[in-house]
file query23.txt (compact mmCIF, C-alpha atoms)
# COMPACT_ATOMS: atom_id res chain seq x y z
CA MET A 15 -1.31 10.37 8.48
CA LYS A 16 2.01 11.43 9.99
CA THR A 17 1.65 8.84 12.75
CA ARG A 18 0.81 6.10 10.27
CA GLY A 19 3.78 7.09 8.09
CA THR A 20 6.11 6.99 11.08
CA ILE A 21 4.86 3.56 12.11
CA PHE A 22 5.31 2.30 8.54
CA CYS A 23 8.90 3.57 8.44
CA VAL A 24 9.72 1.95 11.78
CA LEU A 25 8.23 -1.36 10.65
CA ALA A 26 10.05 -1.22 7.32
CA THR A 27 13.35 -0.47 9.04
CA ALA A 28 12.82 -3.29 11.53
CA LEU A 29 12.04 -5.69 8.69
CA MET A 30 15.20 -4.71 6.80
CA LEU A 31 17.32 -5.08 9.92
CA THR A 32 15.78 -8.47 10.67
CA SER A 33 16.40 -9.63 7.12
CA ALA A 34 19.96 -8.36 7.25
CA CYS A 35 20.61 -10.18 10.54
CA LYS A 36 19.14 -13.41 9.25
CA SER A 37 21.41 -13.33 6.23
CA HIS A 38 24.47 -13.85 8.49
CA TYR A 39 23.21 -17.14 9.89
CA GLN A 40 23.09 -20.64 8.41
CA VAL A 41 21.95 -23.92 9.89
CA ALA A 42 25.04 -25.92 10.82
CA SER A 43 23.28 -29.01 12.17
CA VAL A 44 19.95 -30.34 13.41
CA GLU A 45 19.53 -32.66 16.35
CA ARG A 46 16.45 -34.11 17.94
CA THR A 47 15.50 -36.21 20.91
CA ARG A 48 12.36 -38.19 21.66
CA ILE A 49 10.84 -37.80 25.10
CA LEU A 50 8.55 -40.71 25.83
CA VAL A 51 5.73 -39.69 28.15
CA ASP A 52 4.43 -42.86 29.77
CA SER A 53 3.54 -44.41 33.13
CA ARG A 54 7.05 -43.82 34.50
CA TYR A 55 6.03 -40.26 35.26
CA ASP A 56 3.13 -41.49 37.40
CA ALA A 57 5.54 -42.75 40.10
CA LEU A 58 6.30 -39.26 41.40
CA PRO A 59 3.35 -37.03 40.52
CA ASN A 60 3.56 -33.30 41.08
CA GLU A 61 0.83 -32.47 43.60
CA LYS A 62 0.31 -28.90 42.40
CA ALA A 63 0.16 -29.94 38.76
CA THR A 64 -2.24 -32.79 39.58
CA ALA A 65 -4.52 -30.43 41.51
CA PHE A 66 -4.47 -27.90 38.69
CA ILE A 67 -5.33 -30.50 36.03
CA ALA A 68 -7.96 -32.35 38.10
CA PRO A 69 -11.07 -30.34 37.08
CA PHE A 70 -10.09 -30.42 33.41
CA LYS A 71 -9.32 -34.15 33.57
CA ALA A 72 -12.71 -34.85 35.11
CA LYS A 73 -14.44 -32.99 32.28
CA VAL A 74 -12.43 -34.76 29.56
CA ASP A 75 -12.90 -38.19 31.17
CA SER A 76 -16.66 -37.65 31.37
CA MET A 77 -16.73 -37.02 27.62
CA MET A 78 -14.15 -39.51 26.39
CA GLY A 79 -14.54 -42.30 28.94
CA PRO A 80 -18.02 -43.77 28.29
CA VAL A 81 -17.86 -47.26 26.79
CA VAL A 82 -19.76 -47.54 23.50
CA GLY A 83 -19.08 -51.21 22.71
CA ARG A 84 -16.52 -54.00 22.66
CA SER A 85 -13.97 -55.17 20.14
CA ALA A 86 -12.98 -58.81 19.72
CA ARG A 87 -9.43 -57.98 18.72
CA TYR A 88 -6.81 -55.29 18.35
CA MET A 89 -7.12 -53.78 14.87
CA LYS A 90 -4.91 -51.49 12.83
CA ALA A 91 -5.04 -50.04 9.33
CA THR A 92 -2.56 -51.48 6.84
CA ARG A 93 -2.38 -52.01 3.10
CA PRO A 94 -3.53 -53.70 0.97
CA GLU A 95 -6.26 -54.78 3.40
CA SER A 96 -6.74 -54.79 7.15
CA PRO A 97 -9.37 -55.63 9.76
CA LEU A 98 -9.80 -51.97 10.72
CA THR A 99 -10.26 -50.58 7.21
CA ASN A 100 -12.63 -53.47 6.45
CA LEU A 101 -14.65 -52.63 9.55
CA LEU A 102 -14.86 -48.90 8.81
CA SER A 103 -15.92 -49.51 5.21
CA ASP A 104 -18.66 -51.87 6.38
CA ILE A 105 -19.81 -49.31 8.96
CA MET A 106 -20.27 -46.72 6.20
CA VAL A 107 -22.55 -49.17 4.37
CA TRP A 108 -24.38 -49.96 7.62
CA GLY A 109 -24.96 -46.25 8.27
CA ALA A 110 -26.55 -45.68 4.85
CA LYS A 111 -29.95 -46.90 6.07
CA ASP A 112 -30.35 -43.87 8.33
CA TYR A 113 -30.17 -41.61 5.27
CA GLY A 114 -32.66 -43.52 3.13
CA GLU A 115 -29.77 -44.70 0.97
CA LYS A 116 -29.32 -48.11 -0.62
CA VAL A 117 -25.67 -48.36 -1.60
CA ASP A 118 -23.81 -50.87 -3.74
CA PHE A 119 -20.53 -50.62 -1.87
CA GLY A 120 -18.54 -48.52 0.56
CA MET A 121 -14.96 -47.45 1.06
CA TYR A 122 -12.82 -45.79 3.72
CA ASN A 123 -9.46 -44.19 3.02
CA MET A 124 -6.29 -45.17 4.85
CA GLY A 125 -5.46 -41.50 5.42
CA GLY A 126 -8.63 -41.03 7.43
CA VAL A 127 -7.65 -43.66 10.00
CA ARG A 128 -5.46 -42.01 12.64
CA ALA A 129 -5.22 -44.63 15.40
CA ASP A 130 -5.58 -48.35 16.08
CA LEU A 131 -8.64 -49.93 17.65
CA PRO A 132 -7.89 -51.61 20.99
CA LYS A 133 -9.23 -54.98 22.09
CA GLY A 134 -11.98 -55.05 24.71
CA ASP A 135 -14.00 -52.06 25.84
CA ILE A 136 -14.16 -49.27 23.27
CA THR A 137 -14.76 -45.72 24.49
CA TYR A 138 -15.87 -42.63 22.66
CA GLY A 139 -12.29 -41.41 23.06
CA ASP A 140 -10.98 -44.49 21.21
CA VAL A 141 -13.28 -43.73 18.28
CA LEU A 142 -12.28 -40.06 18.32
CA ASP A 143 -8.63 -41.10 18.09
CA ILE A 144 -9.42 -43.17 15.00
CA ALA A 145 -11.57 -40.53 13.29
CA PRO A 146 -10.53 -37.12 14.70
CA PHE A 147 -11.46 -35.02 11.68
CA GLU A 148 -14.78 -33.39 10.80
CA ASN A 149 -15.35 -35.80 7.90
CA LYS A 150 -18.95 -36.78 7.34
CA ILE A 151 -20.69 -39.69 5.66
CA ALA A 152 -21.51 -39.00 2.02
CA PHE A 153 -23.05 -40.72 -0.99
CA GLY A 154 -22.67 -40.48 -4.74
CA THR A 155 -23.45 -42.29 -7.99
CA LEU A 156 -20.84 -43.50 -10.48
CA SER A 157 -21.16 -45.40 -13.74
CA GLY A 158 -19.55 -48.83 -13.83
CA ALA A 159 -16.75 -47.43 -15.97
CA GLU A 160 -16.13 -44.74 -13.33
CA VAL A 161 -16.21 -47.37 -10.57
CA LEU A 162 -13.43 -49.20 -12.39
CA GLU A 163 -11.51 -45.90 -12.46
CA LEU A 164 -12.03 -45.62 -8.70
CA PHE A 165 -10.79 -49.16 -8.15
CA GLY A 166 -7.81 -48.24 -10.31
CA ASN A 167 -7.19 -45.30 -7.94
CA ILE A 168 -7.32 -47.71 -5.01
CA ALA A 169 -4.87 -50.04 -6.77
CA SER A 170 -2.47 -47.14 -7.37
CA THR A 171 -2.20 -46.46 -3.62
CA GLY A 172 -1.64 -50.11 -2.79
CA GLY A 173 -5.08 -50.57 -1.26
CA GLU A 174 -7.79 -48.71 0.67
CA GLY A 175 -10.70 -49.93 2.76
CA VAL A 176 -13.58 -51.47 0.77
CA SER A 177 -16.81 -53.09 1.95
CA ARG A 178 -17.20 -56.85 2.28
CA ASN A 179 -18.96 -57.34 -1.06
CA VAL A 180 -15.97 -55.98 -3.05
CA ARG A 181 -13.08 -58.07 -4.34
CA LEU A 182 -10.08 -56.41 -5.98
CA VAL A 183 -6.96 -57.99 -7.42
CA ILE A 184 -4.12 -55.53 -7.90
CA THR A 185 -0.46 -55.69 -8.86
CA SER A 186 2.49 -54.74 -6.68
CA ASP A 187 3.13 -51.75 -8.95
CA GLY A 188 -0.38 -50.36 -8.47
CA LYS A 189 -2.44 -51.66 -11.40
CA LEU A 190 -5.97 -53.07 -11.22
CA VAL A 191 -6.21 -56.66 -12.48
CA SER A 192 -9.85 -57.48 -11.71
CA ALA A 193 -12.81 -56.20 -9.71
CA THR A 194 -16.14 -57.65 -8.62
CA ILE A 195 -19.07 -56.37 -6.58
CA ASP A 196 -21.36 -58.97 -5.03
CA GLY A 197 -19.44 -61.64 -6.90
CA LYS A 198 -20.12 -60.11 -10.32
CA PRO A 199 -17.75 -58.20 -12.62
CA VAL A 200 -18.34 -54.46 -12.58
CA ASP A 201 -20.76 -53.60 -15.40
CA PRO A 202 -19.45 -50.48 -17.19
CA GLN A 203 -22.99 -49.65 -18.40
CA ARG A 204 -24.88 -49.57 -15.09
CA ASP A 205 -24.80 -47.10 -12.21
CA TYR A 206 -23.47 -47.84 -8.72
CA ARG A 207 -24.14 -46.02 -5.47
CA VAL A 208 -21.09 -45.56 -3.23
CA THR A 209 -20.71 -44.33 0.33
CA THR A 210 -17.56 -42.95 1.94
CA ILE A 211 -16.60 -39.76 3.78
CA ASP A 212 -17.15 -36.38 2.16
CA TYR A 213 -13.43 -35.58 2.00
CA VAL A 214 -12.82 -38.63 -0.18
CA LEU A 215 -16.01 -38.18 -2.20
CA ALA A 216 -14.59 -34.81 -3.27
CA GLY A 217 -11.72 -36.67 -4.96
CA ASN A 218 -9.11 -36.19 -2.26
CA ASP A 219 -6.49 -38.70 -1.09
CA LYS A 220 -5.86 -39.66 -4.74
CA MET A 221 -9.43 -40.96 -5.22
CA VAL A 222 -9.90 -38.63 -8.20
CA ALA A 223 -12.55 -40.80 -9.88
CA LEU A 224 -14.98 -39.78 -7.12
CA LYS A 225 -15.00 -36.23 -8.50
CA LYS A 226 -17.32 -37.65 -11.18
CA CYS A 227 -20.01 -38.58 -8.65
CA ARG A 228 -23.56 -37.53 -9.47
CA ASN A 229 -26.62 -37.17 -7.25
CA VAL A 230 -24.38 -36.40 -4.30
CA ASN A 231 -25.86 -36.59 -0.81
CA ALA A 232 -23.42 -35.01 1.64
CA PRO A 233 -25.20 -33.86 4.83
CA SER A 234 -23.25 -31.12 6.58
CA ASP A 235 -24.56 -31.25 10.15
CA GLU A 236 -22.07 -32.32 12.81
CA SER A 237 -24.24 -35.32 13.71
CA ASN A 238 -23.26 -36.86 10.36
CA ASN A 239 -19.57 -36.95 11.31
CA SER A 240 -18.03 -40.34 10.58
CA ARG A 241 -17.04 -40.84 14.22
CA TYR A 242 -20.69 -40.62 15.27
CA ILE A 243 -21.61 -43.21 12.64
CA ILE A 244 -18.89 -45.45 14.09
CA VAL A 245 -20.04 -44.83 17.67
CA ASN A 246 -23.65 -45.59 16.71
CA TYR A 247 -22.56 -48.87 15.14
CA PHE A 248 -20.73 -49.94 18.29
CA LYS A 249 -23.70 -48.96 20.43
CA GLU A 250 -26.06 -50.95 18.22
CA MET A 251 -23.84 -54.02 18.39
CA GLN A 252 -23.59 -53.64 22.17
CA LYS A 253 -27.38 -53.37 22.38
CA GLN A 254 -27.63 -56.66 20.46
CA GLY A 255 -25.08 -58.27 22.78
CA LYS A 256 -22.49 -58.55 20.01
CA VAL A 257 -18.74 -57.99 20.13
CA VAL A 258 -17.46 -56.12 17.07
CA ASP A 259 -15.04 -58.11 14.96
CA ALA A 260 -13.39 -57.90 11.54
CA GLN A 261 -10.70 -59.85 9.75
CA VAL A 262 -8.72 -59.87 6.53
CA GLU A 263 -10.94 -61.63 3.99
CA GLY A 264 -9.23 -61.19 0.65
CA ARG A 265 -11.06 -58.01 -0.30
CA VAL A 266 -7.88 -56.53 -1.78
CA VAL A 267 -5.29 -59.02 -2.98
CA VAL A 268 -1.88 -58.21 -4.47
CA LYS A 269 -1.02 -60.55 -7.32
call {"tool": "encode", "arguments": {"input": "query23.txt", "output": "structure tokens"}}
result
Amino acid sequence: MKTRGTIFCVLATALMLTSACKSHYQVASVERTRILVDSRYDALPNEKATAFIAPFKAKVDSMMGPVVGRSARYMKATRPESPLTNLLSDIMVWGAKDYGEKVDFGMYNMGGVRADLPKGDITYGDVLDIAPFENKIAFGTLSGAEVLELFGNIASTGGEGVSRNVRLVITSDGKLVSATIDGKPVDPQRDYRVTTIDYVLAGNDKMVALKKCRNVNAPSDESNNSRYIIVNYFKEMQKQGKVVDAQVEGRVVVK
């Protein structure tokens, strides 16, 4: 007990001294610089550093380098609608079949897209850059009235990814003007099955209407991670000899 008491006193004294020292200092200014690491540094490589990194690079390249498919164009995620968010939303709908799910529409949040999709060969590493989190495909049921709430949430953010059968008209100040699914107005009285990633299905990223989902199917195994669904889609398209493509189609229009 004496030893513990001594240690406590020393720590307490050190904390007080540290606090006292900190009180004499104030931030006068903050400066920053941006160091661009690009191919310029490849001109004069450090032999020792290259040798040290080599075995790790080989391991990473073997995991990230395999080509899983091809993209017809460079794609990025932008609001209110973009080729990349359209593609990812459609992929969620495509993936539903492997879970015995028949969904009415899909969505993918802008916040879940962390990189652009390059043109040409697409590697596993490219997909990992786009979807680096442990988010998994998930499904839930909403009433038509709740779907309209969800579309209102999407309008309030200025647009999120929605599948190809959805058409939303929103205002520049974030209000929902109209919404259709499969060319028909959303019926407040019927139920709709939606697919997205589990993080969003829980009501995150301002999609609070999704908290009302019933009959939730959210598999937790790693194999259900959204990036694997995306990889599987690219592989399937490659197997069929198809190049993956997506364009802006008027899914979310600002009036």
call {"tool": "closest_residue", "arguments": {"input": "query23.txt", "among": "A:Tyr138, A:Tyr88, A:Phe119, A:Tyr39", "to": "Thr210 (chain A)", "atoms": "only C-alpha atoms"}}
result
A:Phe119
call {"tool": "closest_residue", "arguments": {"input": "query23.txt", "among": "A:Val230, A:Val44, A:Ile144, A:Ile184", "to": "Gly125 (chain A)", "atoms": "all atoms listed in the file"}}
result
A:Ile144
call {"tool": "axis_aligned_box", "arguments": {"input": "query23.txt", "around": "region 205-215 of chain A", "padding_each_side": "4 Å", "output": "lines of an AutoDock Vina configuration file"}}
result
center_x = -18.8
center_y = -41.7
center_z = -4.2
size_x = 20.0
size_y = 20.3
size_z = 24.0
call {"tool": "closest_residue", "arguments": {"input": "query23.txt", "among": "A:Gly166, A:Gly188, A:Pro146, A:Gly173", "to": "Leu224 (chain A)", "atoms": "only C-alpha atoms"}}
result
A:Gly166
call {"tool": "atom_distance", "arguments": {"input": "query23.txt", "atom1": "CA of Lys269 (chain A)", "atom2": "CA of Thr185 (chain A)"}}
result
5.1 Å
call {"tool": "residues_around", "arguments": {"input": "query23.txt", "residues": "Pro233 (chain A)", "least_positions_apart": "6", "cutoff": "8 Å", "atoms": "all atoms listed in the file", "output": "ChimeraX atom specification"}}
result
/A:150-152
call {"tool": "residues_near_point", "arguments": {"input": "query23.txt", "point": "(-15.3, -50.0, -5.7)", "cutoff": "8 Å", "atoms": "only C-alpha atoms", "output": "PyMOL selection string"}}
result
chain A and resi 119-121+161-162+164-165+176+180+193+195+208
call {"tool": "closest_residue", "arguments": {"input": "query23.txt", "among": "A:Gln261, A:Ser177, A:Ser76, A:Ser103", "to": "Ile211 (chain A)", "atoms": "all atoms listed in the file"}}
result
A:Ser103
call {"tool": "residues_around", "arguments": {"input": "query23.txt", "residues": "Glu250 (chain A)", "least_positions_apart": "5", "cutoff": "9 Å", "atoms": "only C-alpha atoms", "output": "list in words"}}
result
Val82, Gly83, Val245, Gly255 and Lys256 of chain A
call {"tool": "residues_around", "arguments": {"input": "query23.txt", "residues": "region 212-220 of chain A", "least_positions_apart": "2", "cutoff": "12 Å", "atoms": "all atoms listed in the file", "output": "count of residues only"}}
result
51
call {"tool": "atom_distance", "arguments": {"input": "query23.txt", "atom1": "CA of Ser186 (chain A)", "atom2": "CA of Arg265 (chain A)"}}
result
15.3 Å
call {"tool": "closest_residue", "arguments": {"input": "query23.txt", "among": "A:Arg181, A:Lys111, A:Lys116, A:Arg204", "to": "Ala159 (chain A)", "atoms": "all atoms listed in the file"}}
result
A:Arg204
call {"tool": "atom_distance", "arguments": {"input": "query23.txt", "atom1": "CA of Leu101 (chain A)", "atom2": "CA of Met89 (chain A)"}}
result
9.3 Å
call {"tool": "residues_around", "arguments": {"input": "query23.txt", "residues": "Asp75 (chain A)", "least_positions_apart": "4", "cutoff": "12 Å", "atoms": "only C-alpha atoms", "output": "list in words"}}
result
Ile67, Ala68, Pro69, Phe70, Lys71, Gly79, Pro80, Val81, Thr137, Tyr138, Gly139 and Asp140 of chain A
call {"tool": "write_last_selection", "arguments": {"input": "query23.txt", "atoms": "C-alpha atoms", "output": "PDB file, keeping the file's coordinate frame"}}
result
ATOM      1  CA  ILE A  67      -5.330 -30.500  36.030  1.00  0.00           C
ATOM      2  CA  ALA A  68      -7.960 -32.350  38.100  1.00  0.00           C
ATOM      3  CA  PRO A  69     -11.070 -30.340  37.080  1.00  0.00           C
ATOM      4  CA  PHE A  70     -10.090 -30.420  33.410  1.00  0.00           C
ATOM      5  CA  LYS A  71      -9.320 -34.150  33.570  1.00  0.00           C
ATOM      6  CA  GLY A  79     -14.540 -42.300  28.940  1.00  0.00           C
ATOM      7  CA  PRO A  80     -18.020 -43.770  28.290  1.00  0.00           C
ATOM      8  CA  VAL A  81     -17.860 -47.260  26.790  1.00  0.00           C
ATOM      9  CA  THR A 137     -14.760 -45.720  24.490  1.00  0.00           C
ATOM     10  CA  TYR A 138     -15.870 -42.630  22.660  1.00  0.00           C
ATOM     11  CA  GLY A 139     -12.290 -41.410  23.060  1.00  0.00           C
ATOM     12  CA  ASP A 140     -10.980 -44.490  21.210  1.00  0.00           C
TER      13      ASP A 140
END
call {"tool": "closest_residue", "arguments": {"input": "query23.txt", "among": "A:Asp130, A:Glu95, A:Glu45, A:Asp56", "to": "Val266 (chain A)", "atoms": "only C-alpha atoms"}}
result
A:Glu95
call {"tool": "decode", "arguments": {"input": "query23.txt", "residues": "region 32-64 of chain A", "atoms": "C-alpha atoms", "output": "tab-separated table (two decimals), in the first residue's frame"}}
result
chain	number	residue	atom	x	y	z
A	32	THR	CA	2.40	19.50	-16.30
A	33	SER	CA	-0.84	21.43	-15.99
A	34	ALA	CA	0.97	24.38	-14.47
A	35	CYS	CA	3.54	24.40	-17.29
A	36	LYS	CA	0.87	24.19	-19.96
A	37	SER	CA	-0.93	27.19	-18.52
A	38	HIS	CA	2.02	29.44	-19.49
A	39	TYR	CA	1.77	28.62	-23.19
A	40	GLN	CA	-0.64	29.78	-25.88
A	41	VAL	CA	-0.77	29.03	-29.58
A	42	ALA	CA	0.57	32.08	-31.43
A	43	SER	CA	0.16	30.76	-34.98
A	44	VAL	CA	-0.38	27.61	-37.02
A	45	GLU	CA	1.33	26.86	-40.30
A	46	ARG	CA	1.15	23.87	-42.57
A	47	THR	CA	2.77	22.58	-45.71
A	48	ARG	CA	1.66	19.92	-48.16
A	49	ILE	CA	4.25	17.38	-49.24
A	50	LEU	CA	3.15	15.72	-52.45
A	51	VAL	CA	4.47	12.17	-52.67
A	52	ASP	CA	4.44	11.22	-56.34
A	53	SER	CA	6.59	9.73	-59.11
A	54	ARG	CA	9.26	12.42	-58.68
A	55	TYR	CA	10.65	10.41	-55.80
A	56	ASP	CA	11.09	7.37	-58.04
A	57	ALA	CA	13.95	9.07	-59.93
A	58	LEU	CA	16.45	8.56	-57.11
A	59	PRO	CA	15.28	5.58	-55.05
A	60	ASN	CA	16.99	4.74	-51.80
A	61	GLU	CA	18.46	1.26	-52.26
A	62	LYS	CA	18.31	0.31	-48.58
A	63	ALA	CA	14.74	1.52	-48.21
A	64	THR	CA	13.71	-0.28	-51.41
